[in-house]
Each structure stands twice: as C-alpha cells, then as structure tokens.
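Here is entry.cif, consisting of mmCIF, C-alpha atoms:
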```cif
data_upload
#
loop_
_atom_site.label_atom_id
_atom_site.label_comp_id
_atom_site.auth_asym_id
_atom_site.auth_seq_id
_atom_site.Cartn_x
_atom_site.Cartn_y
_atom_site.Cartn_z
CA MET A 1 -16.84 -25.11 -12.59
CA THR A 2 -16.51 -21.41 -11.61
CA ARG A 3 -16.40 -19.01 -14.54
CA ARG A 4 -13.06 -17.28 -14.91
CA LEU A 5 -13.24 -13.55 -14.22
CA ARG A 6 -12.26 -11.26 -17.10
CA VAL A 7 -9.76 -8.74 -15.72
CA ALA A 8 -8.00 -5.69 -17.21
CA VAL A 9 -5.09 -3.64 -15.90
CA ILE A 10 -5.14 0.15 -16.31
CA GLY A 11 -1.67 1.66 -16.32
CA ALA A 12 1.16 -0.47 -17.69
CA GLY A 13 4.15 1.01 -15.89
CA GLY A 14 6.47 -0.44 -13.26
CA ILE A 15 4.02 -1.56 -10.56
CA ALA A 16 1.70 -3.12 -13.14
CA SER A 17 4.52 -5.10 -14.73
CA LEU A 18 6.03 -6.08 -11.40
CA ARG A 19 2.88 -7.06 -9.49
CA HIS A 20 -0.52 -6.83 -11.15
CA LEU A 21 0.06 -8.32 -14.60
CA PRO A 22 2.03 -11.39 -13.41
CA ALA A 23 -0.48 -11.88 -10.58
CA TYR A 24 -3.39 -12.16 -12.98
CA LYS A 25 -1.38 -14.53 -15.18
CA GLN A 26 -0.96 -16.67 -12.07
CA CYS A 27 -4.74 -16.51 -11.64
CA GLU A 28 -5.06 -17.66 -15.26
CA ASN A 29 -2.93 -20.69 -14.46
CA ALA A 30 -5.16 -21.39 -11.47
CA GLY A 31 -8.27 -21.10 -13.63
CA THR A 32 -9.84 -18.28 -11.58
CA ALA A 33 -9.29 -15.25 -13.85
CA GLU A 34 -8.36 -14.30 -17.39
CA LEU A 35 -6.20 -11.26 -18.20
CA VAL A 36 -8.06 -9.87 -21.21
CA ALA A 37 -6.84 -6.29 -21.63
CA VAL A 38 -4.29 -3.66 -20.69
CA CYS A 39 -4.81 0.11 -20.95
CA ASP A 40 -2.24 2.90 -21.03
CA PRO A 41 -2.00 6.16 -23.03
CA LEU A 42 1.61 5.29 -23.95
CA ALA A 43 1.68 2.82 -26.83
CA GLU A 44 5.13 1.51 -25.90
CA ASN A 45 3.79 0.51 -22.47
CA THR A 46 0.80 -1.41 -23.82
CA GLN A 47 2.92 -3.05 -26.52
CA ARG A 48 5.48 -4.24 -23.99
CA ALA A 49 2.79 -5.55 -21.66
CA GLN A 50 0.92 -7.26 -24.48
CA GLU A 51 4.02 -9.02 -25.74
CA THR A 52 5.29 -10.00 -22.28
CA PHE A 53 2.00 -11.28 -20.87
CA ALA A 54 0.14 -12.38 -24.02
CA ILE A 55 -2.79 -10.00 -23.51
CA PRO A 56 -5.41 -10.05 -26.30
CA HIS A 57 -6.70 -6.44 -26.12
CA VAL A 58 -4.98 -3.06 -25.67
CA PHE A 59 -6.54 0.35 -25.09
CA ALA A 60 -5.26 3.91 -24.77
CA ASP A 61 -8.39 5.23 -23.00
CA TYR A 62 -10.03 3.53 -20.03
CA ARG A 63 -13.45 4.74 -21.19
CA GLU A 64 -13.04 2.64 -24.32
CA LEU A 65 -11.81 -0.28 -22.24
CA PHE A 66 -15.04 -0.24 -20.20
CA LYS A 67 -16.99 -0.97 -23.40
CA LEU A 68 -15.23 -4.34 -23.72
CA PRO A 69 -17.94 -7.03 -23.50
CA GLY A 70 -17.89 -9.30 -20.46
CA LEU A 71 -15.30 -7.36 -18.43
CA ASP A 72 -15.60 -8.13 -14.69
CA ALA A 73 -12.82 -6.31 -12.86
CA VAL A 74 -9.93 -3.85 -13.22
CA SER A 75 -6.66 -3.07 -11.50
CA ILE A 76 -5.79 0.64 -11.41
CA CYS A 77 -2.02 1.19 -11.57
CA THR A 78 -1.93 4.84 -12.62
CA PRO A 79 -0.58 7.94 -10.84
CA ASN A 80 -2.62 8.90 -7.79
CA VAL A 81 -4.41 11.80 -9.46
CA SER A 82 -6.40 9.43 -11.69
CA HIS A 83 -7.32 6.81 -9.07
CA GLU A 84 -10.60 8.50 -8.21
CA PRO A 85 -12.00 9.27 -11.69
CA ILE A 86 -11.07 5.85 -13.08
CA SER A 87 -12.46 4.04 -10.02
CA LEU A 88 -15.72 5.98 -10.12
CA ALA A 89 -16.15 5.25 -13.82
CA ALA A 90 -15.35 1.56 -13.30
CA LEU A 91 -17.79 1.25 -10.41
CA GLU A 92 -20.49 3.02 -12.43
CA ALA A 93 -19.89 0.38 -15.12
CA GLY A 94 -20.44 -2.33 -12.49
CA LEU A 95 -16.80 -3.45 -12.35
CA HIS A 96 -14.93 -4.69 -9.29
CA VAL A 97 -11.89 -2.51 -8.54
CA MET A 98 -8.38 -3.16 -7.24
CA CYS A 99 -6.54 0.15 -6.77
CA GLU A 100 -2.96 1.09 -5.99
CA LYS A 101 -2.26 3.07 -2.83
CA PRO A 102 -2.87 5.65 -1.56
CA LEU A 103 -6.50 5.41 -2.50
CA ALA A 104 -7.02 9.05 -3.55
CA MET A 105 -5.59 12.56 -3.60
CA SER A 106 -7.62 13.59 -0.56
CA LEU A 107 -9.91 12.27 2.16
CA ALA A 108 -12.92 13.68 0.30
CA GLY A 109 -11.92 11.75 -2.82
CA ALA A 110 -11.43 8.52 -0.86
CA ARG A 111 -14.87 8.95 0.67
CA ARG A 112 -16.44 9.35 -2.76
CA MET A 113 -14.72 6.16 -3.93
CA TYR A 114 -15.81 4.22 -0.84
CA GLU A 115 -19.43 5.39 -1.13
CA ALA A 116 -19.54 4.63 -4.87
CA ALA A 117 -18.33 1.08 -4.20
CA LYS A 118 -21.03 0.58 -1.58
CA GLN A 119 -23.67 1.94 -3.93
CA ALA A 120 -22.49 -0.30 -6.79
CA GLU A 121 -22.19 -3.34 -4.47
CA CYS A 122 -18.83 -4.13 -6.09
CA ARG A 123 -15.81 -5.72 -4.44
CA THR A 124 -12.78 -3.53 -3.87
CA ALA A 125 -9.16 -3.95 -2.87
CA VAL A 126 -6.13 -1.73 -2.23
CA ASN A 127 -2.58 -2.93 -2.82
CA PHE A 128 -1.19 -2.56 0.70
CA ARG A 129 0.87 -5.60 -0.13
CA TYR A 130 2.89 -5.84 3.08
CA ARG A 131 -0.10 -7.28 4.92
CA TRP A 132 0.59 -10.38 2.86
CA ILE A 133 4.27 -10.76 3.78
CA PRO A 134 4.48 -14.05 5.76
CA ALA A 135 6.15 -12.39 8.76
CA ALA A 136 3.45 -9.69 8.84
CA GLY A 137 0.73 -12.32 9.16
CA PHE A 138 2.72 -14.05 11.90
CA VAL A 139 3.13 -10.74 13.78
CA HIS A 140 -0.60 -10.07 13.45
CA ASP A 141 -1.52 -13.41 15.02
CA ILE A 142 1.01 -13.03 17.84
CA LEU A 143 -0.48 -9.65 18.71
CA GLN A 144 -4.04 -10.95 18.47
CA SER A 145 -3.15 -13.79 20.84
CA GLY A 146 -2.23 -11.31 23.57
CA GLU A 147 1.17 -12.91 24.18
CA LEU A 148 2.88 -9.51 24.19
CA GLY A 149 0.35 -8.19 26.71
CA GLU A 150 -0.70 -4.55 26.61
CA ILE A 151 1.09 -2.78 23.77
CA TYR A 152 2.91 0.31 25.01
CA GLN A 153 5.17 1.50 22.21
CA VAL A 154 5.62 0.86 18.48
CA TYR A 155 8.38 2.16 16.19
CA PHE A 156 7.93 2.01 12.43
CA ASN A 157 10.63 2.83 9.85
CA TYR A 158 10.45 2.63 6.06
CA PHE A 159 13.59 3.88 4.33
CA ASN A 160 15.10 3.89 0.88
CA GLY A 161 17.80 5.99 -0.73
CA SER A 162 16.19 6.54 -4.12
CA LEU A 163 16.38 10.37 -3.94
CA HIS A 164 19.67 10.92 -2.12
CA ASP A 165 21.36 11.96 -5.40
CA PRO A 166 20.40 15.58 -6.30
CA ALA A 167 20.79 14.67 -9.99
CA THR A 168 17.87 12.23 -9.83
CA PRO A 169 15.15 13.73 -12.08
CA ILE A 170 11.69 14.73 -10.94
CA ARG A 171 9.04 12.10 -11.54
CA TRP A 172 5.32 12.17 -10.88
CA ARG A 173 5.71 11.26 -7.21
CA GLN A 174 7.57 14.56 -6.65
CA VAL A 175 4.72 16.56 -8.20
CA ARG A 176 1.84 17.31 -5.83
CA ALA A 177 -0.67 17.80 -8.66
CA GLU A 178 -0.13 14.16 -9.69
CA SER A 179 0.60 12.46 -6.37
CA GLY A 180 -1.13 14.46 -3.63
CA THR A 181 1.69 13.73 -1.19
CA GLY A 182 5.26 12.46 -1.47
CA VAL A 183 6.84 9.87 0.77
CA LEU A 184 3.92 10.25 3.21
CA GLY A 185 1.47 8.66 0.80
CA ASP A 186 3.94 6.44 -1.01
CA LEU A 187 5.84 4.78 1.84
CA ALA A 188 4.26 5.82 5.14
CA SER A 189 0.85 4.65 3.91
CA HIS A 190 2.19 1.08 4.04
CA LEU A 191 3.26 1.60 7.66
CA ILE A 192 -0.11 3.10 8.55
CA ASP A 193 -1.87 0.08 7.10
CA LEU A 194 0.40 -2.32 8.98
CA GLY A 195 -0.20 -0.33 12.16
CA ARG A 196 -3.96 -0.61 11.73
CA TYR A 197 -3.69 -4.31 10.84
CA TRP A 198 -1.54 -5.10 13.87
CA ILE A 199 -2.49 -2.62 16.59
CA GLY A 200 -5.83 -0.97 15.75
CA GLU A 201 -7.16 2.44 14.78
CA ILE A 202 -5.02 5.56 15.08
CA SER A 203 -6.63 8.25 17.25
CA SER A 204 -4.24 11.22 16.87
CA VAL A 205 -1.10 12.31 15.01
CA ASN A 206 1.58 14.99 15.25
CA ALA A 207 3.61 15.15 12.03
CA ARG A 208 6.53 16.86 10.35
CA LEU A 209 7.04 16.71 6.58
CA ARG A 210 10.24 17.83 4.88
CA THR A 211 11.36 18.49 1.32
CA ILE A 212 15.14 18.11 1.43
CA ILE A 213 15.99 19.03 -2.17
CA ARG A 214 13.57 21.51 -3.71
CA LYS A 215 14.96 21.75 -7.24
CA ARG A 216 15.75 18.78 -9.45
CA PRO A 217 16.40 18.12 -13.14
CA LEU A 218 13.42 17.59 -15.40
CA ILE A 219 13.53 14.54 -17.68
CA GLY A 220 13.03 16.74 -20.74
CA GLY A 221 15.72 19.24 -19.69
CA GLY A 222 15.95 22.16 -17.31
CA THR A 223 15.00 22.08 -13.64
CA GLY A 224 11.74 22.00 -11.74
CA GLU A 225 10.37 22.55 -8.26
CA VAL A 226 9.75 19.58 -5.96
CA ASP A 227 6.56 20.31 -4.03
CA THR A 228 6.05 17.03 -2.16
CA ASP A 229 7.70 15.68 0.97
CA ASP A 230 10.97 13.71 0.70
CA SER A 231 10.75 12.50 4.29
CA CYS A 232 8.15 12.39 7.02
CA SER A 233 8.02 11.65 10.73
CA PHE A 234 5.03 11.60 13.02
CA PHE A 235 4.00 10.61 16.49
CA ALA A 236 0.72 8.74 16.78
CA THR A 237 -1.55 7.35 19.44
CA PHE A 238 -3.76 4.32 18.92
CA SER A 239 -7.27 4.03 20.32
CA ASN A 240 -6.07 1.26 22.66
CA GLY A 241 -3.51 3.59 24.26
CA ALA A 242 -0.40 2.41 22.40
CA GLU A 243 1.98 5.15 21.25
CA ALA A 244 3.94 5.04 18.00
CA VAL A 245 6.60 6.79 15.99
CA PHE A 246 6.43 6.56 12.18
CA ASN A 247 9.40 7.47 9.97
CA ALA A 248 9.65 7.28 6.18
CA SER A 249 12.31 8.67 3.85
CA ARG A 250 13.71 8.38 0.36
CA PHE A 251 16.97 9.98 1.55
CA ALA A 252 18.23 7.02 3.57
CA THR A 253 21.54 6.59 1.77
CA GLY A 254 22.45 2.94 1.36
CA ARG A 255 18.94 1.65 1.95
CA GLY A 256 16.99 -0.23 -0.70
CA ASN A 257 13.69 -1.37 0.80
CA HIS A 258 14.30 -1.10 4.54
CA GLN A 259 11.13 -1.63 6.54
CA ARG A 260 11.32 -2.34 10.25
CA ALA A 261 8.91 -2.37 13.18
CA GLU A 262 9.66 -2.75 16.88
CA ILE A 263 6.71 -3.49 19.17
CA TYR A 264 6.98 -3.37 22.98
CA GLY A 265 4.33 -4.68 25.35
CA SER A 266 3.83 -5.54 29.01
CA LYS A 267 4.72 -9.21 28.50
CA GLY A 268 7.16 -9.13 25.61
CA ALA A 269 8.46 -7.51 22.46
CA LEU A 270 9.09 -8.31 18.82
CA ILE A 271 11.06 -6.98 15.87
CA TYR A 272 9.97 -7.31 12.23
CA GLU A 273 12.16 -6.50 9.21
CA ILE A 274 11.14 -6.73 5.57
CA GLU A 275 14.70 -7.42 4.39
CA LYS A 276 14.52 -10.81 6.06
CA HIS A 277 11.77 -11.69 3.59
CA ASP A 278 13.47 -10.03 0.62
CA ARG A 279 16.57 -12.15 1.24
CA GLY A 280 14.58 -15.35 1.43
CA GLY A 281 14.66 -15.63 5.23
CA ASP A 282 11.21 -15.21 6.77
CA GLN A 283 11.75 -14.65 10.48
CA ILE A 284 11.08 -12.28 13.34
CA GLN A 285 12.79 -11.60 16.67
CA LEU A 286 10.89 -12.29 19.88
CA CYS A 287 11.45 -11.52 23.56
CA LEU A 288 8.77 -13.29 25.61
CA GLY A 289 8.41 -13.66 29.35
CA SER A 290 10.48 -12.63 32.34
CA GLY A 291 13.35 -15.02 31.53
CA GLN A 292 14.28 -13.41 28.24
CA ALA A 293 13.49 -9.94 29.54
CA ARG A 294 15.86 -10.42 32.49
CA TYR A 295 18.77 -10.93 30.09
CA ASN A 296 17.63 -8.43 27.43
CA ALA A 297 17.50 -11.39 25.06
CA PHE A 298 15.73 -11.65 21.71
CA ALA A 299 15.42 -15.00 19.94
CA THR A 300 15.26 -15.32 16.16
CA VAL A 301 12.10 -17.24 15.32
CA PRO A 302 11.38 -18.65 11.82
CA VAL A 303 7.94 -17.88 10.45
CA PRO A 304 5.87 -21.10 10.70
CA PRO A 305 5.22 -22.97 7.43
CA GLU A 306 1.50 -22.19 7.39
CA TYR A 307 2.30 -18.50 6.73
CA LEU A 308 4.77 -19.10 3.90
CA SER A 309 2.19 -19.63 1.16
CA CYS A 310 1.87 -15.85 0.84
CA ASN A 311 3.60 -14.38 -2.21
CA PRO A 312 4.02 -10.92 -3.82
CA PHE A 313 0.91 -11.50 -5.94
CA ARG A 314 -1.35 -12.41 -3.03
CA PRO A 315 -3.30 -9.08 -2.90
CA MET A 316 -4.54 -9.58 -6.47
CA ILE A 317 -5.18 -13.29 -5.93
CA ASP A 318 -7.22 -12.49 -2.82
CA PHE A 319 -9.13 -9.84 -4.80
CA VAL A 320 -10.11 -12.44 -7.40
CA ASP A 321 -10.95 -15.00 -4.73
CA ALA A 322 -13.08 -12.43 -2.87
CA ILE A 323 -15.14 -11.73 -6.00
CA HIS A 324 -15.74 -15.45 -6.54
CA ALA A 325 -16.68 -15.95 -2.87
CA ASN A 326 -18.75 -12.72 -2.67
CA ARG A 327 -16.79 -11.56 0.38
CA GLU A 328 -14.69 -8.54 1.27
CA ALA A 329 -11.09 -8.53 0.07
CA SER A 330 -8.32 -7.57 2.47
CA PRO A 331 -7.42 -4.75 2.49
CA ASN A 332 -10.28 -2.96 0.71
CA PHE A 333 -11.60 0.57 0.08
CA ALA A 334 -12.66 0.86 3.74
CA ASP A 335 -9.04 0.28 4.76
CA GLY A 336 -7.86 2.71 2.09
CA LEU A 337 -10.29 5.32 3.44
CA HIS A 338 -9.02 4.92 7.01
CA CYS A 339 -5.44 5.24 5.80
CA GLN A 340 -6.33 8.35 3.78
CA GLU A 341 -7.75 9.94 6.91
CA VAL A 342 -4.46 9.45 8.73
CA LEU A 343 -2.56 10.89 5.75
CA GLU A 344 -4.79 13.96 5.73
CA ALA A 345 -4.47 14.39 9.49
CA ALA A 346 -0.68 14.21 9.15
CA GLU A 347 -0.72 16.93 6.48
CA ILE A 348 -2.92 19.17 8.63
CA SER A 349 -0.63 18.58 11.62
CA ALA A 350 2.52 19.39 9.66
CA ARG A 351 0.95 22.51 8.16
CA GLU A 352 -0.48 23.85 11.43
CA GLY A 353 2.13 22.53 13.87
CA ARG A 354 -0.24 20.73 16.24
CA TRP A 355 -1.70 17.40 17.25
CA VAL A 356 -4.71 16.38 15.16
CA ALA A 357 -7.39 14.07 16.55
CA LEU A 358 -9.10 11.34 14.54
CA PRO A 359 -11.63 10.80 13.12
CA LEU A 360 -11.56 14.07 11.22
CA LYS A 361 -14.77 16.11 11.19
CA GLY A 362 -16.61 16.87 7.98
#
```
Here is the file; what I need is its structure written in the form of structure tokens.
Amino acid sequence: MTRRLRVAVIGAGGIASLRHLPAYKQCENAGTAELVAVCDPLAENTQRAQETFAIPHVFADYRELFKLPGLDAVSICTPNVSHEPISLAALEAGLHVMCEKPLAMSLAGARRMYEAAKQAECRTAVNFRYRWIPAAGFVHDILQSGELGEIYQVYFNYFNGSLHDPATPIRWRQVRAESGTGVLGDLASHLIDLGRYWIGEISSVNARLRTIIRKRPLIGGGTGEVDTDDSCSFFATFSNGAEAVFNASRFATGRGNHQRAEIYGSKGALIYEIEKHDRGGDQIQLCLGSGQARYNAFATVPVPPEYLSCNPFRPMIDFVDAIHANREASPNFADGLHCQEVLEAAEISAREGRWVALPLKG
C-alpha cells in the first residue's frame, strides 16, 4: 500500500479554506495524503482551520513548520509577496510545493522558484484551477483534434463586480507591495493559462492597465492609495498565428464570476462560459461545418460524461497523485513561469505604450 503523504497548508485565509484544506481532506478519505498541519501568523485563522478540518498541528511561522518530522509537501496560500521566499525555503527543505497564482511578484522571482524546484528535484503545482473545469478539458480536446481548423481569433473575458463600490476597503490585492499586480495577476493570469493550455504559447502582447478608483477606505480607518490595476485589456498573438483579446475587470457591475471565451477557426467556432459550470450545467456552444456556418447557428453541447469527474479540488488531488507517480503535475512551476512572463510583458507594454515580444530577454 502507498504511504500517505504528509501535507501542510501555509496561509489559512479564504482560498485555503475554500479549496486547499478541503481538497487534502478529500485526499485523506482516498488514502493518498494526510493533512497534518496548518500555518498562519493569525491565531484566529489557524484555530478556525484546525477546528473545521481536524488538523493536528498549527504553526505561526513556516520556518517552524518545516521542522515537523516527516513532512512531504506544502500548499502556499499566502499573499503573492511571500510565494517566493516560502517556496524557496520549502524546496531547500526537500518539500514538494503547490503554490497559488500568480507564481511570484516578478519574472525574476518566478525563474528563481522554477530553478530551485529543478535543483531540488521536487514536484510542483500552481493552482490555475480552471484547467480542471470539465468544459475546459472538453474545449482543449476539441482544439487538439483540429475540428475547428486553423484558429484565427480568440476573445477572453473574466469579469466580476467586487470593486464597483467606492466604499469597498483596500485589501492586499490593491497594494502593489503585497500583490505585484492587481486584476492582471489575479484574474487575467487564469485566462493566460487557459490560452496557453488551449491555443499555445503567446508571442507578443500590447496591454493597457487602469486603476479606476485610486483612493479607498482602509480597514483600520482613514483612506489609502490604490496602486494596482482594477482592470486590464491586452491584445496578444500566439506563436501559431492566432490573435486574441484578453479583458479582465473587478468593475463589471452585476457580475460574480463571469468567465467567457469565444474561439473562431477556419472550420468552426466554440463558446465557453464558466457560469454554465457554476450553475451545475456543464456545456459549451459549437458551430461546426458549413451547414451550421451558413445559418450562423451554434448548438449547445453537453460536456461528455468522461470529463465530469473533475471537481474544484482536482488541482490539489493531481498534485498529490503526481508526487506518488513521480510525474509532473499540471499545471506546474514551468506553466507558472510562462504565465509570469506574459504578465511582465503586459506591464512593460502598458508602461511604455508598445507591443512587447516574447520570450523576454534577460
């Protein structure tokens, strides 16, 4: 029988409670992993996590956590600024690492993380969770089959309305020193990963970033300056010649988790929407062949049953399975590094007002 991996989660806030902690409990039920510790500097966070998920050990400092005997792997669910130092320390300790996205604060930081993982020969993963949505896997296989022909144009949107109210307080994602970027790294990174997963590598970008409301209330009182982007838009070309438009915003009033992609090729087209999954209806829209095209007709197509086994915890489950099988997880630090390069190119483009070619030099 395979030994259960001993896993800890670092950072016990929203994403840890929503995704990582319950995922590893599911792995416990499957007999593949054991959730042995949670780490967070805020005692109320570790106490809540410990009580909710029956975790035996709690730590306030990840350096103390790494002294726990028999630890195999960690999930890093902290603000972006600490992804790199915690990952480097974990890899130096010989631990496998699952990290939240974006991978780092900069391309240089992501490269250091990627190289450290190679040197340590540890397995890595990044929580670009939308790869594991059933419809996303279905779209991937349709595109790989060539049924849509040569891909000409792709349109990606990811919208929510979480910041449309000026009274919404500043949190760490609106502070560049903690997040690196705003909506570009938080939402658009998911679209970039889907674009790479479906279409291929991005070869150039031309971006515009905007901060719509520059002053917001601080949680402790007073007001503060928002120095990250609230919305972003960029044109992109893929190495196979496809052209794309990426849009992401937290100012889309009325939107909750609106993610949509439209893909147009020489033989057909498809439309993907995340809300279909969120509402329990996994489906896409397809226009294939000259018959449908003649009548501008899209058909709603249910996602086949073989794709429906995916669930919100699949990235962590695949991470555990990859460690057991001694294979690469999907997506991993290499994918996170490629995404980080696109993020950095977009920032350069927005700052200098020009197209930026990839890969970046240096």
inquiry  = Given all atoms listed in the file as the basis, pick out the residue of A:Arg354, A:His324, A:His258, A:Arg63 nearest to Gly161 (chain A).
reply    =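 For Gly161 (chain A), the nearest of the given residues is A:His258.
CA of Arg176 (chain A) lies 5.9 Å from CA of Asp227 (chain A).
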Centre and size of axis-aligned box enclosing region 14-21 of chain A plus 8 Å each side, as JSON:
```
{"center_x": 3.0, "center_y": -4.4, "center_z": -12.1, "size_x": 23.0, "size_y": 23.9, "size_z": 21.2}
```
Excluding same-chain residues fewer than 6 positions from Val226 (chain A), what lies within 8 Å of it counting all atoms listed in the file, as an mmCIF file with C-alpha atoms, keeping the file's coordinate frame?
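Output contents, as saved in out-v7.cif:
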```cif
data_model
loop_
_atom_site.group_PDB
_atom_site.id
_atom_site.type_symbol
_atom_site.label_atom_id
_atom_site.label_comp_id
_atom_site.auth_asym_id
_atom_site.auth_seq_id
_atom_site.Cartn_x
_atom_site.Cartn_y
_atom_site.Cartn_z
ATOM 1 C CA ILE A 170 11.690 14.730 -10.940
ATOM 2 C CA GLN A 174 7.570 14.560 -6.650
ATOM 3 C CA VAL A 175 4.720 16.560 -8.200
ATOM 4 C CA THR A 211 11.360 18.490 1.320
ATOM 5 C CA ILE A 213 15.990 19.030 -2.170
ATOM 6 C CA ARG A 214 13.570 21.510 -3.710
ATOM 7 C CA LYS A 215 14.960 21.750 -7.240
ATOM 8 C CA ARG A 216 15.750 18.780 -9.450
#
```
request  = Could you tell me which residues the PyMOL selection byres ((chain A and resi 300) around 6) returns for this structure, as a ChimeraX atom specification?
outcome  = /A:284-285,299,301
message = Using all atoms listed in the file, which protein or nucleic acid residues come within 10 Å of region 1-11 of chain A? Drop anything in the same chain fewer than 6 positions from it, and give the result as number ranges by chain.
response = A: 17, 20-21, 24, 27-28, 30-42, 45-46, 49, 55, 57-62, 65-66, 68-79, 86, 95-99, 320-321, 323-324
task = Please provide the set of residues having any atom within 7 Å of Ala269 (chain A), restricted to all atoms listed in the file, with same-chain residues fewer than 4 positions apart removed, written as number ranges by chain.
result = A: 148, 263-265, 286-288
For C-alpha atoms, I'd like the residues from the last selection saved as a PDB file, in the frame of the given file.
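File written: result04.pdb
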```pdb
ATOM      1  CA  LEU A 148       2.880  -9.510  24.190  1.00  0.00           C
ATOM      2  CA  ILE A 263       6.710  -3.490  19.170  1.00  0.00           C
ATOM      3  CA  TYR A 264       6.980  -3.370  22.980  1.00  0.00           C
ATOM      4  CA  GLY A 265       4.330  -4.680  25.350  1.00  0.00           C
ATOM      5  CA  LEU A 286      10.890 -12.290  19.880  1.00  0.00           C
ATOM      6  CA  CYS A 287      11.450 -11.520  23.560  1.00  0.00           C
ATOM      7  CA  LEU A 288       8.770 -13.290  25.610  1.00  0.00           C
TER       8      LEU A 288
END
```
request  = Could you list the residues chosen by the PyMOL selection byres ((chain A and resi 311) around 10) in this structure as a ChimeraX atom specification?
outcome  = /A:23,129,132-134,307-310,312-315,317
Apply the PyMOL selection byres ((chain A and resi 116) around 12) to the displayed file and report the matching residues as a PDB file with C-alpha atoms, in the coordinates of the input.
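And here is the file that came out, out-v8.pdb:
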```pdb
ATOM      1  CA  GLU A  84     -10.600   8.500  -8.210  1.00  0.00           C
ATOM      2  CA  PRO A  85     -12.000   9.270 -11.690  1.00  0.00           C
ATOM      3  CA  ILE A  86     -11.070   5.850 -13.080  1.00  0.00           C
ATOM      4  CA  SER A  87     -12.460   4.040 -10.020  1.00  0.00           C
ATOM      5  CA  LEU A  88     -15.720   5.980 -10.120  1.00  0.00           C
ATOM      6  CA  ALA A  89     -16.150   5.250 -13.820  1.00  0.00           C
ATOM      7  CA  ALA A  90     -15.350   1.560 -13.300  1.00  0.00           C
ATOM      8  CA  LEU A  91     -17.790   1.250 -10.410  1.00  0.00           C
ATOM      9  CA  GLU A  92     -20.490   3.020 -12.430  1.00  0.00           C
ATOM     10  CA  ALA A  93     -19.890   0.380 -15.120  1.00  0.00           C
ATOM     11  CA  GLY A  94     -20.440  -2.330 -12.490  1.00  0.00           C
ATOM     12  CA  LEU A  95     -16.800  -3.450 -12.350  1.00  0.00           C
ATOM     13  CA  HIS A  96     -14.930  -4.690  -9.290  1.00  0.00           C
ATOM     14  CA  VAL A  97     -11.890  -2.510  -8.540  1.00  0.00           C
ATOM     15  CA  GLY A 109     -11.920  11.750  -2.820  1.00  0.00           C
ATOM     16  CA  ALA A 110     -11.430   8.520  -0.860  1.00  0.00           C
ATOM     17  CA  ARG A 111     -14.870   8.950   0.670  1.00  0.00           C
ATOM     18  CA  ARG A 112     -16.440   9.350  -2.760  1.00  0.00           C
ATOM     19  CA  MET A 113     -14.720   6.160  -3.930  1.00  0.00           C
ATOM     20  CA  TYR A 114     -15.810   4.220  -0.840  1.00  0.00           C
ATOM     21  CA  GLU A 115     -19.430   5.390  -1.130  1.00  0.00           C
ATOM     22  CA  ALA A 117     -18.330   1.080  -4.200  1.00  0.00           C
ATOM     23  CA  LYS A 118     -21.030   0.580  -1.580  1.00  0.00           C
ATOM     24  CA  GLN A 119     -23.670   1.940  -3.930  1.00  0.00           C
ATOM     25  CA  ALA A 120     -22.490  -0.300  -6.790  1.00  0.00           C
ATOM     26  CA  GLU A 121     -22.190  -3.340  -4.470  1.00  0.00           C
ATOM     27  CA  CYS A 122     -18.830  -4.130  -6.090  1.00  0.00           C
ATOM     28  CA  ARG A 123     -15.810  -5.720  -4.440  1.00  0.00           C
ATOM     29  CA  THR A 124     -12.780  -3.530  -3.870  1.00  0.00           C
ATOM     30  CA  PHE A 333     -11.600   0.570   0.080  1.00  0.00           C
ATOM     31  CA  ALA A 334     -12.660   0.860   3.740  1.00  0.00           C
TER      32      ALA A 334
END
```
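The coordinates place CA of Pro359 (chain A) at 28.6 Å from CA of Asp318 (chain A).
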Fix up region 216-228 of chain A with N, CA and C atoms, then write it as a CSV table (one decimal), in the frame of the given file.
```csv
chain,number,residue,atom,x,y,z
A,216,ARG,N,15.2,20.0,-8.8
A,216,ARG,CA,15.8,18.8,-9.4
A,216,ARG,C,15.7,18.9,-11.0
A,217,PRO,N,16.5,18.1,-11.7
A,217,PRO,CA,16.4,18.1,-13.1
A,217,PRO,C,15.0,17.6,-13.6
A,218,LEU,N,14.6,18.1,-14.7
A,218,LEU,CA,13.4,17.6,-15.4
A,218,LEU,C,13.9,16.6,-16.5
A,219,ILE,N,13.1,15.6,-16.7
A,219,ILE,CA,13.5,14.5,-17.7
A,219,ILE,C,13.7,15.1,-19.1
A,220,GLY,N,12.9,16.1,-19.4
A,220,GLY,CA,13.0,16.7,-20.7
A,220,GLY,C,14.0,17.9,-20.8
A,221,GLY,N,14.7,18.1,-19.7
A,221,GLY,CA,15.7,19.2,-19.7
A,221,GLY,C,15.3,20.3,-18.8
A,222,GLY,N,16.2,21.1,-18.2
A,222,GLY,CA,16.0,22.2,-17.3
A,222,GLY,C,15.8,21.6,-15.9
A,223,THR,N,15.2,22.5,-15.0
A,223,THR,CA,15.0,22.1,-13.6
A,223,THR,C,13.6,22.4,-13.3
A,224,GLY,N,13.1,21.8,-12.2
A,224,GLY,CA,11.7,22.0,-11.7
A,224,GLY,C,11.7,22.0,-10.2
A,225,GLU,N,10.6,22.5,-9.7
A,225,GLU,CA,10.4,22.6,-8.3
A,225,GLU,C,9.7,21.3,-7.7
A,226,VAL,N,10.3,20.7,-6.7
A,226,VAL,CA,9.8,19.6,-6.0
A,226,VAL,C,8.8,20.1,-4.9
A,227,ASP,N,7.5,19.8,-5.0
A,227,ASP,CA,6.6,20.3,-4.0
A,227,ASP,C,5.9,19.2,-3.2
A,228,THR,N,6.5,18.1,-3.1
A,228,THR,CA,6.0,17.0,-2.2
A,228,THR,C,7.1,16.7,-1.2
```
